[in-house]
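my_file_30.pdb, holding PDB, C-alpha atoms and all ligand atoms:
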ATOM      1  CA  MET A  38      -3.671  18.946   8.565
ATOM      2  CA  THR A  39      -4.948  18.934   5.033
ATOM      3  CA  GLU A  40      -8.322  20.104   3.911
ATOM      4  CA  THR A  41      -9.139  16.595   2.721
ATOM      5  CA  PHE A  42      -8.486  15.153   6.155
ATOM      6  CA  ASP A  43     -10.680  17.785   7.761
ATOM      7  CA  ARG A  44     -13.526  16.911   5.437
ATOM      8  CA  LEU A  45     -13.110  13.200   6.130
ATOM      9  CA  SER A  46     -13.083  13.606   9.882
ATOM     10  CA  ILE A  47     -16.247  15.640   9.771
ATOM     11  CA  ILE A  48     -18.134  13.112   7.741
ATOM     12  CA  VAL A  49     -16.873  10.060   9.555
ATOM     13  CA  THR A  50     -17.811  11.292  12.988
ATOM     14  CA  GLY A  51     -20.963  12.885  11.729
ATOM     15  CA  THR A  52     -20.548  15.625  14.309
ATOM     16  CA  CYS A  53     -18.952  18.995  14.432
ATOM     17  CA  LEU A  54     -17.029  18.125  17.594
ATOM     18  CA  SER A  55     -13.997  16.666  15.895
ATOM     19  CA  ALA A  56     -13.864  19.510  13.482
ATOM     20  CA  ALA A  57     -12.324  21.936  15.939
ATOM     21  CA  GLY A  58     -10.137  23.205  13.166
ATOM     22  CA  LEU A  59     -13.178  24.149  11.199
ATOM     23  CA  LEU A  60     -15.049  25.989  13.899
ATOM     24  CA  LEU A  61     -14.638  28.964  11.655
ATOM     25  CA  ALA A  62     -17.143  27.346   9.360
ATOM     26  CA  GLY A  63     -19.443  26.683  12.308
ATOM     27  CA  CYS A  64     -21.813  23.753  12.226
ATOM     28  CA  ASP A  65     -24.292  25.438  10.006
ATOM     29  CA  ALA A  66     -25.647  23.202   7.262
ATOM     30  CA  SER A  67     -25.851  26.242   5.030
ATOM     31  CA  GLN A  68     -22.049  26.091   4.934
ATOM     32  CA  ALA A  69     -22.451  22.803   3.097
ATOM     33  CA  GLY A  70     -19.939  23.866   0.508
ATOM     34  CA  VAL A  71     -17.275  22.887   3.015
ATOM     35  CA  VAL A  72     -18.827  19.551   3.985
ATOM     36  CA  GLU A  73     -19.093  17.021   1.195
ATOM     37  CA  ARG A  74     -20.885  13.732   1.635
ATOM     38  CA  ILE A  75     -18.291  10.977   1.850
ATOM     39  CA  THR A  76     -19.726   7.480   1.815
ATOM     40  CA  PRO A  77     -18.105   4.407   3.406
ATOM     41  CA  GLN A  78     -17.223   3.363  -0.145
ATOM     42  CA  ASP A  79     -15.369   6.653  -0.717
ATOM     43  CA  ARG A  80     -13.493   6.229   2.525
ATOM     44  CA  GLY A  81     -12.661   2.635   1.623
ATOM     45  CA  ARG A  82     -11.259   3.771  -1.668
ATOM     46  CA  TYR A  83      -9.112   6.327   0.124
ATOM     47  CA  LEU A  84      -7.838   3.671   2.557
ATOM     48  CA  VAL A  85      -7.096   1.190  -0.234
ATOM     49  CA  GLU A  86      -5.558   3.603  -2.723
ATOM     50  CA  ARG A  87      -3.851   6.147  -0.452
ATOM     51  CA  VAL A  88      -3.125   4.430   2.855
ATOM     52  CA  GLY A  89      -2.860   0.649   2.434
ATOM     53  CA  MET A  90      -1.438   0.913  -1.100
ATOM     54  CA  CYS A  91      -3.083  -2.453  -1.768
ATOM     55  CA  ALA A  92      -2.654  -2.125  -5.527
ATOM     56  CA  ASP A  93       1.132  -2.283  -5.230
ATOM     57  CA  CYS A  94       0.779  -6.021  -4.745
ATOM     58  CA  HIS A  95      -2.806  -6.862  -5.735
ATOM     59  CA  SER A  96      -3.069  -5.112  -9.109
ATOM     60  CA  PRO A  97      -1.538  -6.345 -12.353
ATOM     61  CA  ARG A  98       0.709  -4.028 -14.314
ATOM     62  CA  GLY A  99       1.127  -3.596 -18.013
ATOM     63  CA  PRO A 100       4.066  -2.373 -20.085
ATOM     64  CA  GLY A 101       6.378  -0.021 -18.221
ATOM     65  CA  GLY A 102       5.010  -1.146 -14.868
ATOM     66  CA  VAL A 103       1.878   0.975 -15.272
ATOM     67  CA  PHE A 104      -1.242  -0.407 -13.576
ATOM     68  CA  ASP A 105      -3.718  -2.069 -15.920
ATOM     69  CA  GLN A 106      -6.819  -0.043 -14.997
ATOM     70  CA  ASP A 107      -9.150  -2.598 -16.605
ATOM     71  CA  ARG A 108      -7.917  -5.201 -14.141
ATOM     72  CA  TRP A 109      -7.698  -2.977 -11.070
ATOM     73  CA  LEU A 110      -7.110  -5.183  -7.988
ATOM     74  CA  HIS A 111      -7.659  -8.358 -10.008
ATOM     75  CA  GLY A 112      -4.689 -10.131  -8.397
ATOM     76  CA  ALA A 113      -1.046 -10.253  -9.474
ATOM     77  CA  PRO A 114       2.184 -12.175  -9.145
ATOM     78  CA  LEU A 115       4.614 -10.289  -6.930
ATOM     79  CA  GLY A 116       7.467  -8.696  -8.801
ATOM     80  CA  PHE A 117       9.866  -9.075  -5.877
ATOM     81  CA  ALA A 118      11.121 -11.702  -3.440
ATOM     82  CA  ALA A 119      12.409 -11.816   0.127
ATOM     83  CA  THR A 120      16.124 -11.155   0.513
ATOM     84  CA  VAL A 121      16.318 -13.375   3.601
ATOM     85  CA  PRO A 122      14.906 -16.889   4.011
ATOM     86  CA  MET A 123      11.168 -16.764   4.774
ATOM     87  CA  PRO A 124       9.369 -19.926   5.842
ATOM     88  CA  ALA A 125       6.021 -18.850   4.421
ATOM     89  CA  TRP A 126       6.322 -16.355   1.604
ATOM     90  CA  ALA A 127       3.385 -15.888  -0.759
ATOM     91  CA  ASP A 128       4.438 -14.988  -4.284
ATOM     92  CA  TYR A 129       0.934 -14.131  -5.541
ATOM     93  CA  ALA A 130      -1.475 -11.498  -4.220
ATOM     94  CA  PRO A 131      -5.028 -12.755  -4.954
ATOM     95  CA  ALA A 132      -7.830 -10.724  -6.526
ATOM     96  CA  LEU A 133      -9.578  -8.262  -4.222
ATOM     97  CA  ALA A 134     -12.139  -6.845  -6.673
ATOM     98  CA  GLY A 135     -15.590  -8.017  -5.552
ATOM     99  CA  LEU A 136     -14.142  -9.931  -2.593
ATOM    100  CA  ASN A 137     -15.931 -12.961  -3.929
ATOM    101  CA  ASN A 138     -14.434 -15.573  -1.629
ATOM    102  CA  TYR A 139     -15.268 -13.759   1.591
ATOM    103  CA  THR A 140     -18.339 -12.907   3.603
ATOM    104  CA  ASP A 141     -18.297  -9.396   5.054
ATOM    105  CA  GLU A 142     -17.474 -10.771   8.520
ATOM    106  CA  GLN A 143     -14.607 -12.908   7.195
ATOM    107  CA  ALA A 144     -13.119  -9.968   5.318
ATOM    108  CA  ILE A 145     -13.495  -7.692   8.350
ATOM    109  CA  ALA A 146     -11.769 -10.296  10.557
ATOM    110  CA  LEU A 147      -8.918 -10.470   8.043
ATOM    111  CA  LEU A 148      -8.491  -6.694   7.992
ATOM    112  CA  THR A 149      -8.795  -6.192  11.761
ATOM    113  CA  GLU A 150      -6.955  -9.299  13.025
ATOM    114  CA  GLY A 151      -4.694 -10.244  10.103
ATOM    115  CA  LYS A 152      -6.059 -13.784   9.936
ATOM    116  CA  THR A 153      -7.349 -15.900   7.070
ATOM    117  CA  ILE A 154     -10.757 -17.578   6.992
ATOM    118  CA  HIS A 155      -9.101 -20.630   8.516
ATOM    119  CA  GLY A 156      -7.695 -18.649  11.439
ATOM    120  CA  GLN A 157      -4.102 -18.748  10.221
ATOM    121  CA  PRO A 158      -1.943 -15.647   9.934
ATOM    122  CA  LEU A 159      -1.678 -14.217   6.427
ATOM    123  CA  ARG A 160       1.629 -15.010   4.772
ATOM    124  CA  PRO A 161       4.130 -12.236   4.143
ATOM    125  CA  PRO A 162       4.452  -9.903   2.422
ATOM    126  CA  MET A 163       0.723  -9.285   3.057
ATOM    127  CA  PRO A 164       0.802  -6.781   5.920
ATOM    128  CA  PRO A 165      -1.232  -7.933   8.951
ATOM    129  CA  TYR A 166      -3.349  -4.792   9.041
ATOM    130  CA  ARG A 167      -5.168  -3.783  12.205
ATOM    131  CA  PHE A 168      -7.868  -1.548  10.787
ATOM    132  CA  ASN A 169     -10.582  -0.563  13.211
ATOM    133  CA  ARG A 170     -13.985  -2.027  12.439
ATOM    134  CA  GLU A 171     -15.383   1.077  10.805
ATOM    135  CA  ASP A 172     -12.420   1.377   8.464
ATOM    136  CA  ALA A 173     -12.494  -2.356   7.687
ATOM    137  CA  GLU A 174     -16.192  -2.056   6.762
ATOM    138  CA  ALA A 175     -15.336   0.862   4.487
ATOM    139  CA  VAL A 176     -12.571  -1.121   2.755
ATOM    140  CA  VAL A 177     -15.005  -4.011   2.244
ATOM    141  CA  ALA A 178     -17.668  -1.656   0.824
ATOM    142  CA  TYR A 179     -15.163  -0.290  -1.688
ATOM    143  CA  LEU A 180     -13.779  -3.695  -2.725
ATOM    144  CA  ARG A 181     -17.304  -5.093  -3.176
ATOM    145  CA  SER A 182     -18.097  -2.220  -5.525
ATOM    146  CA  LEU A 183     -15.353  -3.319  -7.948
ATOM    147  CA  LYS A 184     -16.068  -5.838 -10.669
TER
HETATM  148  C1  LIG A 201       3.225  -5.927   0.091
HETATM  149  C2  LIG A 201       2.219  -6.614  -0.708
HETATM  150  C3  LIG A 201       0.764  -6.499  -0.297
HETATM  151  C4  LIG A 201       0.065  -5.373   0.047
HETATM  152  C5  LIG A 201       0.547  -3.935   0.079
HETATM  153  C6  LIG A 201      -1.272  -5.814   0.355
HETATM  154  N1  LIG A 201      -1.377  -7.164   0.193
HETATM  155 FE1  LIG A 201      -3.029  -8.269   0.543
HETATM  156  N2  LIG A 201      -2.005  -9.962   0.125
HETATM  157  C7  LIG A 201      -0.691 -10.007  -0.317
HETATM  158  C8  LIG A 201      -0.294 -11.384  -0.477
HETATM  159  C9  LIG A 201       1.052 -11.868  -0.954
HETATM  160  C10 LIG A 201      -1.414 -12.167  -0.118
HETATM  161  C11 LIG A 201      -1.501 -13.695  -0.051
HETATM  162  C12 LIG A 201      -1.234 -14.063   1.412
HETATM  163  C13 LIG A 201      -1.444 -15.531   1.684
HETATM  164  O1  LIG A 201      -1.649 -16.305   0.750
HETATM  165  O2  LIG A 201      -1.404 -15.910   2.874
HETATM  166  C14 LIG A 201      -2.460 -11.236   0.250
HETATM  167  C15 LIG A 201      -3.724 -11.630   0.663
HETATM  168  C16 LIG A 201      -4.777 -10.754   0.870
HETATM  169  C17 LIG A 201      -6.134 -11.162   1.114
HETATM  170  C18 LIG A 201      -6.644 -12.606   1.130
HETATM  171  C19 LIG A 201      -7.071 -12.906  -0.280
HETATM  172  C20 LIG A 201      -7.447 -14.354  -0.520
HETATM  173  O3  LIG A 201      -8.203 -14.602  -1.488
HETATM  174  O4  LIG A 201      -6.987 -15.230   0.231
HETATM  175  C21 LIG A 201      -6.881 -10.038   1.254
HETATM  176  C22 LIG A 201      -8.382  -9.934   1.492
HETATM  177  C23 LIG A 201      -5.966  -8.919   1.130
HETATM  178  N3  LIG A 201      -4.699  -9.403   0.886
HETATM  179  C24 LIG A 201      -6.351  -7.615   1.215
HETATM  180  C25 LIG A 201      -5.458  -6.535   1.127
HETATM  181  C26 LIG A 201      -5.854  -5.173   1.298
HETATM  182  C27 LIG A 201      -7.285  -4.699   1.528
HETATM  183  C28 LIG A 201      -4.716  -4.439   1.198
HETATM  184  C29 LIG A 201      -4.560  -2.953   1.371
HETATM  185  C30 LIG A 201      -5.269  -2.335   2.514
HETATM  186  C31 LIG A 201      -3.617  -5.350   0.925
HETATM  187  N4  LIG A 201      -4.108  -6.608   0.903
HETATM  188  C32 LIG A 201      -2.307  -4.969   0.736
HETATM  189  C33 LIG A 201       0.136  -8.927  -0.524
HETATM  190  C34 LIG A 201      -0.156  -7.618  -0.216
END
Would you write out, as structure tokens, the structure that this file holds?
Amino acid sequence: MTETFDRLSIIVTGTCLSAAGLLLAGCDASQAGVVERITPQDRGRYLVERVGMCADCHSPRGPGGVFDQDRWLHGAPLGFAATVPMPAWADYAPALAGLNNYTDEQAIALLTEGKTIHGQPLRPPMPPYRFNREDAEAVVAYLRSLK
């Protein structure tokens, strides 16, 4: 278990109970050097950038395939196609920055149930994520923070 994960689990639960591995540090606030404040937005960024790898599809790339940081998560055409026939393949991953077309509840439903605003399943290759509600809220908080 990495140190980063330990820190996250402490903050997310807000208790010392889940931090069995850190009992050494006790639950003393004076040990605050160990416990950093991680906001939902920070956690959302971690889930988007390190777990869901959303940028792989949703972020445009510049020369050499390097992400264009000025257009982070601004939507992109997919640089690959299905190798077998797919009835409903989407070849463009829309912009996520700002999440302008979604209310919070619509975006949370999409991330927890894998369904669009209209109740249809998302087309591949968008993964039908099943985030829990807390994680979905964190992803939404992070995406809303992007311009
Ligand atoms: C493998 C490529 C891929 C990855 C990885 C991916 N997406 Fe997508 N995403 C798509 C595609 C393609 C669509 C369009 C699907 C459709 O039109 O039905 C889409 C659609 C969406 C939509 C709906 C956007 C709209 O305007 O309709 C949201 C929201 C979304 N993705 C969020 C995410 C998030 C958050 C992550 C990471 C946790 C992620 N996606 C990871 C490919 C991907």
ask   = Looking at only C-alpha atoms and all ligand atoms, which of A:Glu150, A:Glu86, A:Glu142, A:Glu73 is the one that sits closest to ligand LIG 201 (chain A)?
value = A:Glu86
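Ranking A:Gln106, A:Gln78, A:Asn138, A:Thr153 by their shortest atom-to-atom distance to Val177 in chain A, with only C-alpha atoms included, puts A:Gln78 first.
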request  = Check every protein, DNA and RNA residue against ligand LIG 201 (chain A), keep those with an atom at most 9 Å away (counting all atoms listed in the file), and present them as number ranges by chain.
outcome  = A: 81, 84-86, 88-95, 112-115, 125-133, 136-139, 143-145, 147-148, 152-154, 157-166, 168, 173, 176-177, 180
query = Quick one: distance from CA of Ser182 in chain A to CA of Ile75 in chain A in Å, one decimal?
reply =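 Rounded to one decimal, the two atoms are 15.1 Å apart.
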inquiry  = Could you tell me how far CA of Arg181 in chain A sits from CA of Gly156 in chain A, in Å to one decimal place?
reply    = 22.1 Å
request  = I would like the residues chosen by the PyMOL selection byres (((chain A and resi 77) around 9) and not hetatm) on the shown file; could you give them as a VMD selection string?
outcome  = chain A and resid 49 75 to 76 78 to 82 171 to 172 174 to 176 178 to 179
Emit the selected residues as a tab-separated table (two decimals), keeping the file's coordinate frame, including C-alpha atoms.
chain	number	residue	atom	x	y	z
A	49	VAL	CA	-16.87	10.06	9.56
A	75	ILE	CA	-18.29	10.98	1.85
A	76	THR	CA	-19.73	7.48	1.82
A	78	GLN	CA	-17.22	3.36	-0.14
A	79	ASP	CA	-15.37	6.65	-0.72
A	80	ARG	CA	-13.49	6.23	2.52
A	81	GLY	CA	-12.66	2.64	1.62
A	82	ARG	CA	-11.26	3.77	-1.67
A	171	GLU	CA	-15.38	1.08	10.80
A	172	ASP	CA	-12.42	1.38	8.46
A	174	GLU	CA	-16.19	-2.06	6.76
A	175	ALA	CA	-15.34	0.86	4.49
A	176	VAL	CA	-12.57	-1.12	2.76
A	178	ALA	CA	-17.67	-1.66	0.82
A	179	TYR	CA	-15.16	-0.29	-1.69
Take every atom of range 137-147 of chain A listed in the file, pad by 3 Å on each side, and give me the axis-aligned box centre and edge lengths in Å, one decimal, as lines of an AutoDock Vina configuration file.
center_x = -13.6
center_y = -11.6
center_z = 3.3
size_x = 15.4
size_y = 13.9
size_z = 20.5
request  = Calculate how many Å separate CA of Gly135 in chain A from CA of Trp109 in chain A, rounding to one decimal.
outcome  =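 Interatomic distance here is 10.9 Å.
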